[in-house]
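Pasted below: target.cif, mmCIF, C-alpha atoms.
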```
data_target
#
loop_
_atom_site.label_atom_id
_atom_site.label_comp_id
_atom_site.auth_asym_id
_atom_site.auth_seq_id
_atom_site.Cartn_x
_atom_site.Cartn_y
_atom_site.Cartn_z
CA MET F 1 9.84 -17.39 -10.71
CA ALA F 2 6.22 -16.55 -10.02
CA VAL F 3 4.21 -19.40 -8.59
CA TRP F 4 0.48 -19.70 -8.63
CA GLY F 5 0.51 -21.88 -5.51
CA GLY F 6 -1.49 -24.61 -7.18
CA ALA F 7 -4.40 -22.21 -7.58
CA SER F 8 -6.77 -23.35 -10.30
CA GLU F 9 -9.05 -21.22 -12.42
CA SER F 10 -11.87 -22.21 -10.08
CA ASP F 11 -9.83 -20.97 -7.07
CA LEU F 12 -9.27 -17.63 -8.77
CA LYS F 13 -12.92 -17.35 -9.77
CA ALA F 14 -14.16 -18.32 -6.32
CA ALA F 15 -12.01 -15.60 -4.79
CA GLY F 16 -13.13 -13.03 -7.35
CA ALA F 17 -9.54 -12.79 -8.64
CA GLU F 18 -8.02 -12.78 -12.10
CA ALA F 19 -4.50 -13.36 -13.34
CA LEU F 20 -2.83 -10.46 -15.11
CA PRO F 21 -2.75 -10.74 -18.92
CA ASP F 22 0.26 -12.29 -20.66
CA GLY F 23 3.42 -10.43 -19.77
CA PRO F 24 3.56 -9.27 -16.15
CA SER F 25 3.31 -11.71 -13.26
CA GLY F 26 0.57 -10.91 -10.83
CA VAL F 27 -3.10 -10.92 -9.94
CA ARG F 28 -6.06 -8.57 -9.47
CA LEU F 29 -8.15 -9.12 -6.38
CA ARG F 30 -10.55 -7.00 -4.31
CA GLY F 31 -9.48 -3.78 -6.00
CA TRP F 32 -5.76 -4.53 -5.67
CA HIS F 33 -3.42 -4.84 -8.63
CA ILE F 34 -0.41 -6.88 -7.46
CA GLU F 35 2.47 -7.24 -9.87
CA SER F 36 6.07 -8.46 -9.69
CA SER F 37 8.91 -8.10 -12.18
CA ARG F 38 12.24 -9.91 -12.14
CA GLN F 39 14.87 -8.58 -14.52
CA PRO F 40 18.62 -9.19 -15.13
CA ILE F 41 21.31 -7.31 -13.22
CA LEU F 42 22.18 -3.79 -14.33
CA ASN F 43 24.86 -3.40 -16.97
CA SER F 44 27.97 -1.24 -16.46
CA LEU F 45 26.42 1.85 -18.07
CA ALA F 46 23.34 1.69 -15.85
CA LEU F 47 25.54 1.14 -12.79
CA GLN F 48 27.48 4.31 -13.59
CA GLU F 49 24.22 6.26 -13.79
CA TRP F 50 23.14 4.88 -10.43
CA GLU F 51 26.50 5.78 -8.87
CA GLU F 52 26.08 9.36 -10.05
CA LYS F 53 22.53 9.62 -8.76
CA LEU F 54 23.39 8.05 -5.41
CA GLY F 55 26.68 9.90 -5.03
CA THR F 56 28.80 6.81 -4.48
CA SER F 57 31.43 4.73 -6.23
CA HIS F 58 30.35 1.55 -4.43
CA LEU F 59 27.38 -0.63 -5.30
CA PRO F 60 26.56 -4.29 -4.64
CA GLU F 61 27.97 -6.88 -7.05
CA MET F 62 24.52 -7.75 -8.34
CA VAL F 63 21.92 -4.99 -8.56
CA PHE F 64 18.59 -6.02 -10.05
CA GLY F 65 17.65 -2.45 -10.78
CA GLU F 66 14.60 -3.14 -12.94
CA SER F 67 13.19 -5.83 -10.67
CA SER F 68 10.37 -4.74 -8.40
CA LEU F 69 7.16 -5.57 -6.63
CA TYR F 70 4.24 -3.20 -6.39
CA LEU F 71 0.75 -3.32 -4.98
CA LEU F 72 -1.75 -0.75 -6.21
CA HIS F 73 -5.16 -0.15 -4.67
CA GLU F 74 -6.91 0.98 -7.80
CA ASP F 75 -9.79 2.85 -6.13
CA SER F 76 -7.75 5.01 -3.75
CA GLY F 77 -4.54 5.14 -5.81
CA LEU F 78 -2.45 3.94 -2.85
CA LYS F 79 0.69 2.27 -4.19
CA LEU F 80 3.26 0.29 -2.23
CA HIS F 81 6.37 -0.57 -4.19
CA PHE F 82 9.73 -2.18 -3.48
CA ASN F 83 12.85 -1.54 -5.55
CA ALA F 84 16.64 -1.55 -5.30
CA PHE F 85 17.22 2.16 -5.96
CA ASP F 86 15.16 3.36 -3.00
CA ALA F 87 16.74 0.67 -0.83
CA LEU F 88 20.24 1.88 -1.72
CA LYS F 89 19.19 5.47 -1.03
CA GLY F 90 18.36 4.25 2.47
CA TRP F 91 21.82 2.67 2.72
CA LYS F 92 23.42 6.00 1.80
CA GLN F 93 21.34 7.86 4.39
CA GLU F 94 22.30 5.48 7.20
CA PRO F 95 26.12 5.55 7.12
CA LEU F 96 26.99 2.64 9.39
CA PRO F 97 30.66 2.11 10.20
CA PRO F 98 32.38 -0.60 8.14
CA VAL F 99 32.32 -4.08 9.64
CA GLU F 100 35.76 -5.49 10.38
CA VAL F 101 36.54 -8.87 8.82
CA PRO F 102 39.60 -11.03 9.60
CA ALA F 103 41.11 -10.34 6.18
CA ALA F 104 40.95 -6.59 6.77
CA ALA F 105 43.66 -6.78 9.42
CA LYS F 106 46.10 -8.07 6.84
CA TRP F 107 45.05 -5.44 4.31
CA LYS F 108 45.60 -2.56 6.75
CA PHE F 109 49.09 -3.56 7.83
CA ARG F 110 50.68 -4.03 4.45
CA SER F 111 53.91 -2.08 4.17
CA LYS F 112 53.03 -0.20 1.01
CA PRO F 113 50.20 2.33 1.45
CA PHE F 114 49.05 2.05 -2.16
CA GLN F 115 48.32 -1.66 -1.59
CA GLN F 116 46.09 -1.01 1.39
CA VAL F 117 42.40 -1.74 1.11
CA ILE F 118 40.58 1.15 2.75
CA LEU F 119 37.22 0.15 4.16
CA ASP F 120 35.78 3.59 4.83
CA TYR F 121 32.16 2.84 3.96
CA ASP F 122 29.50 0.29 4.88
CA TYR F 123 30.33 -2.37 2.34
CA THR F 124 27.56 -4.64 3.74
CA PHE F 125 24.92 -2.36 2.10
CA THR F 126 22.75 -2.59 5.21
CA THR F 127 19.60 -0.58 4.58
CA PRO F 128 16.78 0.71 6.82
CA TYR F 129 14.47 0.55 3.78
CA CYS F 130 10.94 -0.61 4.57
CA GLY F 131 9.38 0.01 1.16
CA SER F 132 8.11 3.00 -0.80
CA GLU F 133 4.63 4.43 -0.91
CA ALA F 134 2.83 6.92 -3.12
CA ILE F 135 -0.59 8.05 -4.30
CA GLU F 136 -1.11 7.29 -7.97
CA PRO F 137 -4.04 9.31 -9.38
CA ASN F 138 -6.77 7.31 -11.05
CA PRO F 139 -7.54 8.97 -14.43
CA GLU F 140 -10.96 7.34 -14.50
CA LYS F 141 -12.05 9.16 -11.35
CA ALA F 142 -12.66 12.86 -11.05
CA ILE F 143 -10.26 14.56 -8.64
CA SER F 144 -11.76 17.22 -6.41
CA GLU F 145 -9.96 20.52 -5.85
CA ASP F 146 -9.13 19.56 -2.28
CA GLY F 147 -8.42 15.97 -3.21
CA CYS F 148 -4.72 16.05 -2.37
CA CYS F 149 -3.59 13.72 0.37
CA SER F 150 -0.42 12.51 2.03
CA LEU F 151 0.76 9.20 3.41
CA CYS F 152 2.27 8.63 6.82
CA TRP F 153 2.99 5.45 8.74
CA GLU F 154 2.00 5.60 12.40
CA ASP F 155 2.52 3.27 15.33
CA CYS F 156 -0.44 1.15 16.41
CA ASP F 157 -1.27 -1.71 18.76
CA GLU F 158 -2.66 -3.99 16.06
CA ARG F 159 -0.83 -7.18 15.21
CA ILE F 160 -0.65 -9.25 12.05
CA ASP F 161 -3.18 -12.09 12.13
CA LEU F 162 -0.82 -15.07 12.11
CA ALA F 163 -3.73 -17.50 12.40
CA ALA F 164 -5.16 -16.21 9.12
CA LEU F 165 -1.79 -16.66 7.44
CA SER F 166 -1.60 -20.27 8.58
CA SER F 167 -5.10 -21.15 7.35
CA LYS F 168 -5.52 -23.61 4.52
CA GLU F 169 -6.57 -21.05 1.96
CA PRO F 170 -5.38 -21.52 -1.62
CA ILE F 171 -2.40 -19.36 -2.57
CA LEU F 172 -3.56 -17.39 -5.59
CA PHE F 173 -0.17 -15.80 -6.29
CA TYR F 174 3.34 -16.02 -4.86
CA ASP F 175 6.67 -14.59 -5.95
CA GLU F 176 10.09 -13.76 -4.56
CA VAL F 177 12.10 -10.88 -6.05
CA VAL F 178 15.81 -10.32 -5.39
CA LEU F 179 16.65 -6.60 -5.33
CA TYR F 180 20.40 -6.79 -4.75
CA GLU F 181 23.07 -9.22 -3.59
CA ASP F 182 26.78 -9.11 -2.73
CA GLU F 183 29.05 -11.96 -1.64
CA LEU F 184 31.38 -9.58 0.24
CA ALA F 185 34.51 -10.80 -1.55
CA ASP F 186 33.77 -14.37 -0.46
CA ASN F 187 33.50 -13.27 3.17
CA GLY F 188 29.74 -13.75 3.50
CA VAL F 189 26.57 -12.49 1.85
CA SER F 190 24.44 -9.36 1.75
CA LEU F 191 20.98 -9.95 0.30
CA LEU F 192 17.78 -7.93 -0.05
CA THR F 193 14.63 -9.75 -1.19
CA VAL F 194 10.87 -9.21 -1.13
CA LYS F 195 8.27 -11.97 -1.12
CA VAL F 196 4.53 -11.70 -1.62
CA ARG F 197 1.71 -14.16 -1.03
CA VAL F 198 -1.88 -13.51 -2.08
CA MET F 199 -4.84 -15.48 -0.71
CA PRO F 200 -8.61 -15.04 -0.99
CA SER F 201 -8.87 -13.23 2.34
CA CYS F 202 -5.63 -11.23 2.42
CA TRP F 203 -2.19 -10.54 1.03
CA PHE F 204 1.07 -10.64 2.92
CA LEU F 205 4.60 -9.59 2.02
CA LEU F 206 8.02 -9.87 3.62
CA LEU F 207 10.89 -7.52 2.79
CA ARG F 208 14.08 -9.03 4.22
CA PHE F 209 17.64 -7.78 4.42
CA TRP F 210 19.99 -10.64 5.37
CA LEU F 211 23.66 -10.17 6.20
CA ARG F 212 26.30 -12.73 7.12
CA VAL F 213 29.91 -11.67 7.58
CA ASP F 214 31.85 -14.88 8.13
CA GLY F 215 33.34 -15.12 11.60
CA VAL F 216 32.06 -11.69 12.60
CA LEU F 217 28.30 -11.13 12.65
CA MET F 218 24.86 -11.86 11.28
CA ARG F 219 22.16 -9.22 10.80
CA LEU F 220 18.50 -9.50 9.87
CA ARG F 221 16.04 -6.69 9.14
CA ASP F 222 12.49 -7.74 8.33
CA THR F 223 9.50 -5.66 7.26
CA ARG F 224 6.12 -7.40 7.09
CA VAL F 225 3.04 -5.85 5.50
CA TYR F 226 -0.39 -7.44 5.81
CA CYS F 227 -3.72 -6.47 4.29
CA ALA F 228 -6.96 -8.26 5.17
CA PHE F 229 -9.85 -7.82 2.76
CA LYS F 230 -13.09 -6.49 4.20
CA GLY F 231 -16.53 -7.79 3.37
CA PHE F 232 -17.52 -11.00 1.65
CA PRO F 233 -16.90 -12.45 -1.82
CA SER F 234 -19.58 -11.88 -4.41
CA ASP F 235 -19.14 -15.31 -5.99
CA SER F 236 -21.41 -17.97 -4.45
CA ALA F 237 -18.68 -20.60 -4.85
CA SER F 238 -16.75 -18.84 -2.09
CA TYR F 239 -19.31 -20.01 0.48
CA GLY F 240 -18.66 -23.71 0.00
CA ASP F 241 -16.01 -23.91 2.72
CA PRO F 242 -17.27 -23.04 6.23
CA ASN F 243 -13.71 -22.90 7.55
CA LEU F 244 -13.00 -19.87 5.37
CA ILE F 245 -16.29 -18.12 6.03
CA SER F 246 -15.98 -18.63 9.80
CA GLN F 247 -13.05 -16.21 9.79
CA ARG F 248 -15.24 -13.46 8.32
CA LEU F 249 -18.40 -13.78 10.43
CA PRO F 250 -18.71 -11.46 13.45
CA VAL F 251 -18.81 -13.13 16.86
CA ILE F 252 -22.28 -12.55 18.35
CA ALA F 253 -21.73 -14.44 21.59
CA HIS F 254 -18.80 -16.22 23.13
CA LYS F 255 -18.79 -18.35 26.28
CA THR F 256 -16.08 -20.54 27.76
CA GLN F 257 -16.99 -23.25 30.27
CA ARG F 258 -15.40 -26.20 31.99
CA LEU F 259 -17.07 -29.29 33.38
CA LYS F 260 -16.46 -29.92 37.06
CA VAL F 261 -17.18 -33.29 38.60
CA SER F 262 -18.04 -33.22 42.32
CA ARG F 263 -18.24 -36.40 44.34
CA CYS F 264 -21.27 -36.90 46.59
CA PRO F 265 -20.52 -37.94 50.21
CA GLU F 266 -20.99 -41.69 50.71
CA LYS F 267 -23.90 -42.77 52.90
CA SER F 268 -22.77 -44.60 56.05
CA PRO F 269 -24.44 -47.93 56.89
CA PHE F 270 -24.23 -47.02 60.59
CA HIS F 271 -26.75 -44.81 62.31
CA ARG F 272 -26.55 -43.12 65.61
CA ALA F 273 -29.33 -41.63 67.61
CA ALA F 274 -29.00 -39.51 70.66
#
```
Output the file's structure as structure tokens, nothing else.
Amino acid sequence: MAVWGGASESDLKAAGAEALPDGPSGVRLRGWHIESSRQPILNSLALQEWEEKLGTSHLPEMVFGESSLYLLHEDSGLKLHFNAFDALKGWKQEPLPPVEVPAAAKWKFRSKPFQQVILDYDYTFTTPYCGSEAIEPNPEKAISEDGCCSLCWEDCDERIDLAALSSKEPILFYDEVVLYEDELADNGVSLLTVKVRVMPSCWFLLLRFWLRVDGVLMRLRDTRVYCAFKGFPSDSASYGDPNLISQRLPVIAHKTQRLKVSRCPEKSPFHRAA
């Protein structure tokens, strides 16, 4: 369920944000359109279509195929989106060996071959998926002849500003979307979720694959995406809290000092002359 984090209309207005109209869950802020959708699991017909497209006869028990989260930068057309289909394509492209579970030993050594359970695929649905990205043309803006562009993630030395995430800013929008889940025949859990949190100065999301195979292993794959907004709010109400504004102002001078106490030598009451 989408949560507005206790954000009031005044919080949204002060941040220059607005809730999406009735229907989708989300918010518009600083040129970003952030929207989440949580839908029921796929029916049997839809699952068959997915199996054909993915080239597999195995899918998680619960696939929330129409559930998603996307973040669209309306000016540039940059779109980040998170969905189960692309995640399962990643699972197919990374064929990990099947994880042995204690029950599998009994299955493999049954006397009758047709009763054997053959674990010849990664039934944990572990995925390397880190999200999907695309450029969505803005019909309201003219596109130049050489206006094509491509997207590519590259390594960098920057780090996510954890201090900004722990600040006492109001949470304008929050949601958690489950993309797929499997209980591994009561031998554990395989779960892929994405969470998003939107604040006046930034948005942050966490895509998490969590695996627990009882008595065998645990596996965690996290992808974190952080976007800090540049510039200052246009609404004057945003300048009422100096703690928030202090994070935006450039540092002109910085000096660190410590106070050292030195004792003066005591004056002796005795005098000597030579």
Using all atoms listed in the file, which residues sit within 12 Å of F:Leu88 once same-chain residues fewer than 3 positions away are excluded, as a VMD selection string? chain F and resid 50 to 51 53 to 56 58 to 60 63 to 65 82 to 85 91 to 95 122 to 131 179 to 181 192 209
Output for the residues just chosen: C-alpha atoms as a tab-separated table (two decimals), keeping the file's coordinate frame:
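Printed below is out_38.tsv as written:
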```tsv
chain	number	residue	atom	x	y	z
F	50	TRP	CA	23.14	4.88	-10.43
F	51	GLU	CA	26.50	5.78	-8.87
F	53	LYS	CA	22.53	9.62	-8.76
F	54	LEU	CA	23.39	8.05	-5.41
F	55	GLY	CA	26.68	9.90	-5.03
F	56	THR	CA	28.80	6.81	-4.48
F	58	HIS	CA	30.35	1.55	-4.43
F	59	LEU	CA	27.38	-0.63	-5.30
F	60	PRO	CA	26.56	-4.29	-4.64
F	63	VAL	CA	21.92	-4.99	-8.56
F	64	PHE	CA	18.59	-6.02	-10.05
F	65	GLY	CA	17.65	-2.45	-10.78
F	82	PHE	CA	9.73	-2.18	-3.48
F	83	ASN	CA	12.85	-1.54	-5.55
F	84	ALA	CA	16.64	-1.55	-5.30
F	85	PHE	CA	17.22	2.16	-5.96
F	91	TRP	CA	21.82	2.67	2.72
F	92	LYS	CA	23.42	6.00	1.80
F	93	GLN	CA	21.34	7.86	4.39
F	94	GLU	CA	22.30	5.48	7.20
F	95	PRO	CA	26.12	5.55	7.12
F	122	ASP	CA	29.50	0.29	4.88
F	123	TYR	CA	30.33	-2.37	2.34
F	124	THR	CA	27.56	-4.64	3.74
F	125	PHE	CA	24.92	-2.36	2.10
F	126	THR	CA	22.75	-2.59	5.21
F	127	THR	CA	19.60	-0.58	4.58
F	128	PRO	CA	16.78	0.71	6.82
F	129	TYR	CA	14.47	0.55	3.78
F	130	CYS	CA	10.94	-0.61	4.57
F	131	GLY	CA	9.38	0.01	1.16
F	179	LEU	CA	16.65	-6.60	-5.33
F	180	TYR	CA	20.40	-6.79	-4.75
F	181	GLU	CA	23.07	-9.22	-3.59
F	192	LEU	CA	17.78	-7.93	-0.05
F	209	PHE	CA	17.64	-7.78	4.42
```
Using the chain letters and residue numbers of this document, give as a ChimeraX atom specification the residues selected by the PyMOL selection byres ((chain F and resi 78) around 9). /F:71-77,79-80,133-137,151
Hits of the PyMOL selection byres ((chain F and resi 99) around 12) in this structure, as a VMD selection string: chain F and resid 95 to 98 100 to 105 118 to 126 184 187 to 188 211 to 219
F:Tyr226 surroundings by only C-alpha atoms, 7 Å radius, close-in-sequence under 2 positions cut, as a PyMOL selection string: chain F and resi 160+203-205+224+228
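Residue neighbourhood of F:Leu207, excluding near-sequence residues (fewer than 4 positions): Thr193, Val194, Lys195, Asp222, Thr223 and Arg224 of chain F, at 7 Å, using all atoms listed in the file.
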With the PyMOL selection byres ((chain F and resi 199-202) around 6) as the selection, what would be picked from this file? Answer as a PyMOL selection string, please. chain F and resi 15+171-172+198+203+227-229
With C-alpha atoms retained, export the selected residues as an mmCIF file, in the coordinates of the input.
```cif
data_model
loop_
_atom_site.group_PDB
_atom_site.id
_atom_site.type_symbol
_atom_site.label_atom_id
_atom_site.label_comp_id
_atom_site.auth_asym_id
_atom_site.auth_seq_id
_atom_site.Cartn_x
_atom_site.Cartn_y
_atom_site.Cartn_z
ATOM 1 C CA ALA F 15 -12.010 -15.600 -4.790
ATOM 2 C CA ILE F 171 -2.400 -19.360 -2.570
ATOM 3 C CA LEU F 172 -3.560 -17.390 -5.590
ATOM 4 C CA VAL F 198 -1.880 -13.510 -2.080
ATOM 5 C CA TRP F 203 -2.190 -10.540 1.030
ATOM 6 C CA CYS F 227 -3.720 -6.470 4.290
ATOM 7 C CA ALA F 228 -6.960 -8.260 5.170
ATOM 8 C CA PHE F 229 -9.850 -7.820 2.760
#
```
Counting all atoms listed in the file, which of F:Leu259, F:Val225, F:Leu220, F:Leu20 gets nearest to F:Glu35? F:Leu20
Atom CA of F:Arg197 to atom CA of F:Ser166, straight-line distance in Å: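 Here the two named atoms are 11.9 Å from each other.
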Just to confirm, what's the straight-line distance from atom CA of F:Ser68 to atom CA of F:Val178 in Å (one decimal)?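 Separation of atom CA of F:Ser68 and atom CA of F:Val178: 8.4 Å.
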What separates atom CA of F:Gly16 and atom CA of F:Glu176 is a distance of 23.4 Å
Please reconstruct the missing atoms of stretch 176-200 of chain F (target: N, CA and C atoms) and return them as a CSV table (one decimal), keeping the file's coordinate frame.
```csv
chain,number,residue,atom,x,y,z
F,176,GLU,N,9.0,-14.3,-5.3
F,176,GLU,CA,10.1,-13.8,-4.6
F,176,GLU,C,11.0,-13.0,-5.5
F,177,VAL,N,11.3,-11.8,-5.2
F,177,VAL,CA,12.1,-10.9,-6.0
F,177,VAL,C,13.4,-10.5,-5.3
F,178,VAL,N,14.5,-10.8,-5.9
F,178,VAL,CA,15.8,-10.3,-5.4
F,178,VAL,C,16.1,-8.9,-5.9
F,179,LEU,N,16.4,-8.0,-5.0
F,179,LEU,CA,16.6,-6.6,-5.3
F,179,LEU,C,18.1,-6.3,-5.5
F,180,TYR,N,19.0,-6.8,-4.6
F,180,TYR,CA,20.4,-6.8,-4.8
F,180,TYR,C,21.1,-7.8,-3.9
F,181,GLU,N,22.3,-8.2,-4.3
F,181,GLU,CA,23.1,-9.2,-3.6
F,181,GLU,C,24.6,-9.0,-3.7
F,182,ASP,N,25.3,-9.3,-2.7
F,182,ASP,CA,26.8,-9.1,-2.7
F,182,ASP,C,27.4,-10.2,-1.9
F,183,GLU,N,28.4,-10.9,-2.4
F,183,GLU,CA,29.0,-12.0,-1.6
F,183,GLU,C,30.2,-11.5,-0.8
F,184,LEU,N,30.4,-10.2,-0.7
F,184,LEU,CA,31.4,-9.6,0.2
F,184,LEU,C,32.8,-10.2,0.0
F,185,ALA,N,33.2,-10.3,-1.2
F,185,ALA,CA,34.5,-10.8,-1.6
F,185,ALA,C,34.7,-12.2,-0.9
F,186,ASP,N,33.7,-13.0,-1.0
F,186,ASP,CA,33.8,-14.4,-0.5
F,186,ASP,C,33.9,-14.4,1.1
F,187,ASN,N,33.5,-13.3,1.7
F,187,ASN,CA,33.5,-13.3,3.2
F,187,ASN,C,32.1,-13.3,3.8
F,188,GLY,N,31.1,-13.7,3.0
F,188,GLY,CA,29.7,-13.8,3.5
F,188,GLY,C,28.7,-13.4,2.4
F,189,VAL,N,27.6,-12.8,2.8
F,189,VAL,CA,26.6,-12.5,1.8
F,189,VAL,C,25.8,-11.3,2.4
F,190,SER,N,25.4,-10.4,1.5
F,190,SER,CA,24.4,-9.4,1.8
F,190,SER,C,23.3,-9.5,0.7
F,191,LEU,N,22.1,-9.6,1.2
F,191,LEU,CA,21.0,-10.0,0.3
F,191,LEU,C,19.7,-9.2,0.7
F,192,LEU,N,19.1,-8.6,-0.3
F,192,LEU,CA,17.8,-7.9,0.0
F,192,LEU,C,16.7,-8.6,-1.0
F,193,THR,N,15.7,-9.1,-0.4
F,193,THR,CA,14.6,-9.8,-1.2
F,193,THR,C,13.3,-9.3,-0.7
F,194,VAL,N,12.3,-9.4,-1.5
F,194,VAL,CA,10.9,-9.2,-1.1
F,194,VAL,C,10.0,-10.4,-1.7
F,195,LYS,N,9.2,-10.9,-0.8
F,195,LYS,CA,8.3,-12.0,-1.1
F,195,LYS,C,6.8,-11.5,-0.9
F,196,VAL,N,5.9,-12.0,-1.8
F,196,VAL,CA,4.5,-11.7,-1.6
F,196,VAL,C,3.7,-13.0,-1.8
F,197,ARG,N,2.6,-13.0,-1.0
F,197,ARG,CA,1.7,-14.2,-1.0
F,197,ARG,C,0.3,-13.6,-1.0
F,198,VAL,N,-0.5,-14.0,-2.0
F,198,VAL,CA,-1.9,-13.5,-2.1
F,198,VAL,C,-2.9,-14.7,-1.9
F,199,MET,N,-3.8,-14.5,-1.0
F,199,MET,CA,-4.8,-15.5,-0.7
F,199,MET,C,-6.2,-14.8,-0.8
F,200,PRO,N,-7.3,-15.6,-0.8
F,200,PRO,CA,-8.6,-15.0,-1.0
F,200,PRO,C,-9.0,-14.0,0.1
```
